[in-house]
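Visitor: Handing you this structure, nothing more for now.
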Amino acid sequence: MSTFNGVDLPIARSSQANIAGISSTPRREAIESNHLNLLIVDDERSIRDGCREVAQALGFTTYIADNSEHAFRVLETASIDVVLLDLRLPGPGGLEILRDVKRRRPETVVVVITGYATVQSAVQAMKNGAYDYVTKPFNIEELRMLLERVLGHLQLTSENRLLREQVKSKQGFGSIIGRSPEMEKLYRIISKAAHSTHPVLVLGESGTGKELVARSIHFSGPYRDKPFIPVDCGSLVPTLIESELFGYVKGAFTGAARAKDGLLTIADGGTVFLDEIGELPVDLQSKLLRALQEKEIRPVGGTKAIPINVRILAATNKDLEQCVAQGTFRRDLYFRLNVLTLRIPPLRERKQDILLLAGHFLERLARATGVQRNISDEALKLLLAYDFPGNIRELENSIERACALTSGPTISVPDLPTSIQNWKLQNQGNPVTSVDPETILPLIELEKQAILQAIDHVHGDKLEAAKLLGIGKTTLYRKLKEYGAEF
Ligand SMILES: Nc1ncnc2c1ncn2[C@@H]1O[C@H](COP(=O)(O)OP(=O)(O)OP(=O)(O)O)[C@@H](O)[C@H]1O
Ligand SMILES: [Mg+2]
């Protein structure tokens, strides 16, 4: 058994740059950083080295302190996510450090290292907020498993934190507005996607917010400082998409006076968002697939492969499965891009978001123009009833247009686009198509109900009722007589 008992260490020790007893060790090239900082506090060098190797292998950036004083100094200068803490340190001791860590940053995970003889103090440490403890001697596997558990815990809490931060002002997720259950589900997936590097396929009808969601995935993630590059595969001619994505060498084609890097290279460490991926020509689909599989590209006209480090997000409003079945989209590329799928529901399936979105667009316009506007009840009813085939983009345009048209502070029905006004006529104003035959009443009965309701409405004033109904007073009396109604 390979144990960390101060004597028997099976893993190689690497030299460490030691600055005043504290060292920050850069991660090795082959290991992907998990963007978390881990501090090892132990006075035994073999323990420190062993823990560091295991932590680095899991992607932590490690800091070392061999006594309490050094530990306090690291905690003051670096943002530490995890502490591996020997309880039996000379000086103030581990428990003191634990209290200090928890006071500064309560979410820091502290794992206590202790000897068999001092398990009791480990229990004490747990009561003071330590996450877990290991007893010396412990083996590499034990420590690795424990740190993996810590990683899972931190990832979960950071996703939750992100979700909590983003769902600020109860409107939605960052710049994405909407509180419908469908959107809440989407936010959870975005939070997860933001922390992974896998490709994501964003699906949704036109105007549902596919680009907004793609941006949110990139800008909520750890690589938000790296580029986010959208490429519209639908509007560029195929040869241009190729040279844009993969770059070209000098003389590759007429006009290529100089070599140019492709966007897949330029995005280095960031995201390329392939919008309208369903429009990508089949030969370029093969080239993209190769680039994703081999993580390298060959510029147009070039023979040398160039390594790339980029995350791919793709979007389409097409039914890609159908495209695969029809042979216009490569199945292998579809699977490659479809590691995570995000389907944005159309607005008509989450009508409760219409109100929030309309309010958001009005608010945004008010900020830009300095004029605060509202929507009349009638206009709002119409917006809530409408189907929005153009989804949020159509709602956004309708509000902007209405604000430009209205003369006062209130948007009313005539300010709305005719498509929305006509939709009311077609879907609400035509009783022939909307009335259930079971509920149709004879005309004479309808007339009677109209007259009695009108009289009731004006509290028995027959002259007023006749006026409302557009008939003469004598006609009204005659009708009442026919009904046998006594007034
Ligand atoms: N949930 C939302 N909250 C606020 N604004 C939104 C939301 N969804 C979309 N929008 C806005 O609607 C407009 C259309 O969004 P976007 O361009 O992301 O849609 P899309 O699905 O990519 O459309 P297309 O298929 O036409 O390319 C943008 O102005 C965007 O800011
Ligand atoms: Mg788009």
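Going by the structure tokens order, chains are called A, B, ..., each with residues numbered from 1, while ligands are numbered from 1 in the order shown.
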Taking only C-alpha atoms and all ligand atoms into account, report as a list of chain:residue names which residues have an atom no farther than 7 Å from an atom of ligand 2.
Guide: A:Gly207, A:Gly209, A:Lys210, A:Glu211, A:Asp275
Visitor: Go ahead and save the picked residues with all heavy atoms, as a PDB file, in the first residue's frame.
Guide:
```
ATOM      1  N   GLY A 207     -36.454  33.559 -33.397  1.00  0.00           N
ATOM      2  CA  GLY A 207     -36.796  34.621 -32.450  1.00  0.00           C
ATOM      3  C   GLY A 207     -37.017  34.162 -31.023  1.00  0.00           C
ATOM      4  O   GLY A 207     -37.465  34.945 -30.185  1.00  0.00           O
ATOM      5  N   GLY A 209     -34.666  33.260 -28.934  1.00  0.00           N
ATOM      6  CA  GLY A 209     -33.562  33.685 -28.072  1.00  0.00           C
ATOM      7  C   GLY A 209     -32.374  32.727 -28.092  1.00  0.00           C
ATOM      8  O   GLY A 209     -31.656  32.623 -27.099  1.00  0.00           O
ATOM      9  N   LYS A 210     -32.155  32.069 -29.229  1.00  0.00           N
ATOM     10  CA  LYS A 210     -31.066  31.079 -29.294  1.00  0.00           C
ATOM     11  C   LYS A 210     -29.707  31.746 -29.098  1.00  0.00           C
ATOM     12  O   LYS A 210     -28.858  31.252 -28.362  1.00  0.00           O
ATOM     13  CB  LYS A 210     -31.110  30.327 -30.634  1.00  0.00           C
ATOM     14  CG  LYS A 210     -32.363  29.471 -30.797  1.00  0.00           C
ATOM     15  CD  LYS A 210     -32.330  28.646 -32.051  1.00  0.00           C
ATOM     16  CE  LYS A 210     -32.440  29.453 -33.304  1.00  0.00           C
ATOM     17  NZ  LYS A 210     -33.721  30.155 -33.468  1.00  0.00           N
ATOM     18  N   GLU A 211     -29.512  32.888 -29.747  1.00  0.00           N
ATOM     19  CA  GLU A 211     -28.213  33.560 -29.602  1.00  0.00           C
ATOM     20  C   GLU A 211     -28.034  34.092 -28.175  1.00  0.00           C
ATOM     21  O   GLU A 211     -26.946  33.993 -27.602  1.00  0.00           O
ATOM     22  CB  GLU A 211     -28.095  34.687 -30.632  1.00  0.00           C
ATOM     23  CG  GLU A 211     -26.805  35.467 -30.454  1.00  0.00           C
ATOM     24  CD  GLU A 211     -26.280  36.124 -31.708  1.00  0.00           C
ATOM     25  OE1 GLU A 211     -26.892  35.996 -32.765  1.00  0.00           O
ATOM     26  OE2 GLU A 211     -25.210  36.765 -31.590  1.00  0.00           O
ATOM     27  N   ASP A 275     -24.156  29.741 -35.734  1.00  0.00           N
ATOM     28  CA  ASP A 275     -25.594  29.987 -35.837  1.00  0.00           C
ATOM     29  C   ASP A 275     -26.087  29.410 -37.158  1.00  0.00           C
ATOM     30  O   ASP A 275     -25.345  29.401 -38.140  1.00  0.00           O
ATOM     31  CB  ASP A 275     -25.828  31.503 -35.780  1.00  0.00           C
ATOM     32  CG  ASP A 275     -27.225  31.827 -35.316  1.00  0.00           C
ATOM     33  OD1 ASP A 275     -28.008  30.883 -35.073  1.00  0.00           O
ATOM     34  OD2 ASP A 275     -27.541  33.020 -35.193  1.00  0.00           O
TER      35      ASP A 275
END
```
Visitor: Within 9 Å of ligand 1, which residues show up when you count only C-alpha atoms and all ligand atoms? List them as JSON, numbers by chain, please.
Guide: {"A": [172, 173, 174, 175, 176, 177, 178, 183, 202, 203, 204, 205, 206, 207, 208, 209, 210, 211, 212, 213, 214, 215, 232, 275, 276, 315, 316, 317, 344, 353, 356, 357, 360, 361, 390, 391, 392, 393, 394, 395, 396, 397]}
Visitor: Taking 3 positions as the minimum chain separation for residues in the same chain, which residues sit within 10 Å of Val231 in chain A when counting only C-alpha atoms? Answer as a PyMOL selection string.
Guide: chain A and resi 228+234-236+241+244-245+263+272-277+314
Visitor: Based on the backbone DSSP call, show me all residues of range 93-295 of chain A assigned strand (DSSP E or B), as a VMD selection string.
Guide: chain A and resid 109 to 115 132 to 136 139 172 to 173 176 to 177 200 to 203 228 to 232 247 to 248 260 to 261 271 to 275
Visitor: With a distance cut-off of 8 Å and only C-alpha atoms, select the neighbouring residues of range 121-128 of chain A, excluding the residue or stretch itself and same-chain residues fewer than 3 positions from it, and output the selection as a count of residues only.
Guide: 11
Visitor: Taking into account only C-alpha atoms, which residue in the set A:Arg52, A:Leu75, A:Pro199, A:Lys192 is nearest to Lys102 in chain A?
Guide: A:Leu75
Visitor: Which neighbours of Thr475 in chain A fall inside 12 Å, counting only C-alpha atoms, when residues of the same chain fewer than 3 positions from it are skipped, and could you give them as a ChimeraX atom specification?
Guide: /A:451,462-463,465-467,469-472,478-482
Visitor: Taking all heavy atoms for each residue, export the selection above as a compact mmCIF listing (two decimals), in the first residue's frame.
Guide:
```
# COMPACT_ATOMS: atom_id res chain seq x y z
N ILE A 451 -82.49 42.36 -24.69
CA ILE A 451 -83.38 43.42 -24.19
C ILE A 451 -83.44 43.41 -22.66
O ILE A 451 -83.27 44.45 -22.01
CB ILE A 451 -84.80 43.24 -24.81
CG1 ILE A 451 -84.74 43.62 -26.30
CG2 ILE A 451 -85.84 44.09 -24.09
CD1 ILE A 451 -86.01 43.34 -27.08
N LYS A 462 -86.38 52.31 -19.37
CA LYS A 462 -86.66 51.70 -20.68
C LYS A 462 -86.25 52.60 -21.83
O LYS A 462 -85.80 52.13 -22.87
CB LYS A 462 -88.15 51.34 -20.77
CG LYS A 462 -88.50 50.26 -19.75
CD LYS A 462 -89.88 49.75 -19.99
CE LYS A 462 -90.36 48.97 -18.77
NZ LYS A 462 -90.61 49.78 -17.57
N LEU A 463 -86.40 53.92 -21.64
CA LEU A 463 -85.99 54.84 -22.70
C LEU A 463 -84.49 54.69 -23.00
O LEU A 463 -84.06 54.58 -24.15
CB LEU A 463 -86.34 56.27 -22.27
CG LEU A 463 -86.29 57.33 -23.37
CD1 LEU A 463 -87.36 57.03 -24.42
CD2 LEU A 463 -86.55 58.73 -22.78
N ALA A 465 -82.64 52.11 -22.23
CA ALA A 465 -82.39 50.76 -22.77
C ALA A 465 -82.67 50.71 -24.26
O ALA A 465 -81.89 50.14 -25.05
CB ALA A 465 -83.26 49.75 -22.03
N ALA A 466 -83.77 51.34 -24.69
CA ALA A 466 -84.12 51.36 -26.12
C ALA A 466 -83.02 52.04 -26.91
O ALA A 466 -82.63 51.59 -27.99
CB ALA A 466 -85.46 52.06 -26.31
N LYS A 467 -82.50 53.12 -26.32
CA LYS A 467 -81.42 53.86 -27.00
C LYS A 467 -80.19 52.94 -27.17
O LYS A 467 -79.61 52.85 -28.23
CB LYS A 467 -81.03 55.08 -26.15
CG LYS A 467 -81.64 56.39 -26.64
CD LYS A 467 -80.92 57.53 -25.96
CE LYS A 467 -81.93 58.60 -25.56
NZ LYS A 467 -81.44 59.49 -24.53
N LEU A 469 -80.11 49.79 -27.28
CA LEU A 469 -80.38 48.68 -28.21
C LEU A 469 -80.59 49.15 -29.66
O LEU A 469 -80.62 48.34 -30.58
CB LEU A 469 -81.63 47.91 -27.75
CG LEU A 469 -81.46 47.15 -26.43
CD1 LEU A 469 -82.81 46.85 -25.80
CD2 LEU A 469 -80.68 45.85 -26.67
N GLY A 470 -80.75 50.48 -29.82
CA GLY A 470 -80.95 51.02 -31.17
C GLY A 470 -82.34 50.75 -31.71
O GLY A 470 -82.51 50.58 -32.93
N ILE A 471 -83.33 50.67 -30.81
CA ILE A 471 -84.71 50.47 -31.26
C ILE A 471 -85.60 51.56 -30.65
O ILE A 471 -85.21 52.22 -29.69
CB ILE A 471 -85.25 49.06 -30.86
CG1 ILE A 471 -85.11 48.84 -29.35
CG2 ILE A 471 -84.56 47.96 -31.65
CD1 ILE A 471 -85.73 47.55 -28.85
N GLY A 472 -86.80 51.69 -31.20
CA GLY A 472 -87.71 52.71 -30.67
C GLY A 472 -88.34 52.24 -29.36
O GLY A 472 -88.34 51.04 -29.04
N ARG A 478 -93.49 46.67 -27.03
CA ARG A 478 -94.17 45.57 -27.72
C ARG A 478 -93.47 44.24 -27.42
O ARG A 478 -94.11 43.24 -27.09
CB ARG A 478 -94.19 45.85 -29.24
CG ARG A 478 -94.99 44.79 -30.02
CD ARG A 478 -95.22 45.21 -31.46
NE ARG A 478 -94.09 45.82 -32.12
CZ ARG A 478 -93.11 45.13 -32.70
NH1 ARG A 478 -93.12 43.83 -32.68
NH2 ARG A 478 -92.12 45.78 -33.30
N LYS A 479 -92.16 44.29 -27.51
CA LYS A 479 -91.38 43.07 -27.27
C LYS A 479 -91.59 42.57 -25.84
O LYS A 479 -91.79 41.37 -25.60
CB LYS A 479 -89.87 43.32 -27.49
CG LYS A 479 -89.48 43.70 -28.89
CD LYS A 479 -89.27 42.48 -29.74
CE LYS A 479 -88.94 42.89 -31.17
NZ LYS A 479 -89.06 41.77 -32.10
N LEU A 480 -91.59 43.50 -24.91
CA LEU A 480 -91.75 43.11 -23.51
C LEU A 480 -93.11 42.43 -23.29
O LEU A 480 -93.21 41.47 -22.54
CB LEU A 480 -91.61 44.35 -22.60
CG LEU A 480 -90.19 44.88 -22.43
CD1 LEU A 480 -90.19 46.17 -21.63
CD2 LEU A 480 -89.29 43.85 -21.74
N LYS A 481 -94.10 42.98 -24.02
CA LYS A 481 -95.45 42.41 -23.92
C LYS A 481 -95.43 40.96 -24.43
O LYS A 481 -95.99 40.05 -23.81
CB LYS A 481 -96.42 43.24 -24.75
CG LYS A 481 -97.75 43.45 -24.06
CD LYS A 481 -98.45 44.54 -24.82
CE LYS A 481 -99.91 44.61 -24.55
NZ LYS A 481 -100.47 45.66 -25.42
N GLU A 482 -94.72 40.78 -25.57
CA GLU A 482 -94.63 39.43 -26.17
C GLU A 482 -93.99 38.44 -25.18
O GLU A 482 -94.37 37.29 -25.09
CB GLU A 482 -93.76 39.48 -27.44
CG GLU A 482 -94.49 39.99 -28.67
CD GLU A 482 -93.53 40.22 -29.83
OE1 GLU A 482 -92.43 39.60 -29.84
OE2 GLU A 482 -93.85 41.04 -30.69
```
Visitor: Neighbouring residues of Ile40 in chain A were defined as those with any atom within 10 Å, considering only C-alpha atoms; residues of the same chain fewer than 3 positions away were excluded. Please report them as a ChimeraX atom specification.
Guide: /A:43,47-49,51-52,55,62-66,71,82-86,111,113
Visitor: Pick from A:Glu242, A:Asp100, A:Asp268, A:Glu279: nearest to Asn309 in chain A, with only C-alpha atoms counted?
Guide: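 Selected residue with least distance to Asn309 in chain A: A:Asp268.
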Visitor: Tell me, as a PyMOL selection string, which residues lie within 9 Å of Leu36 in chain A, counting only C-alpha atoms; anything in the same chain fewer than 3 positions away does not count.
Guide: chain A and resi 33+59-62+79-82+151
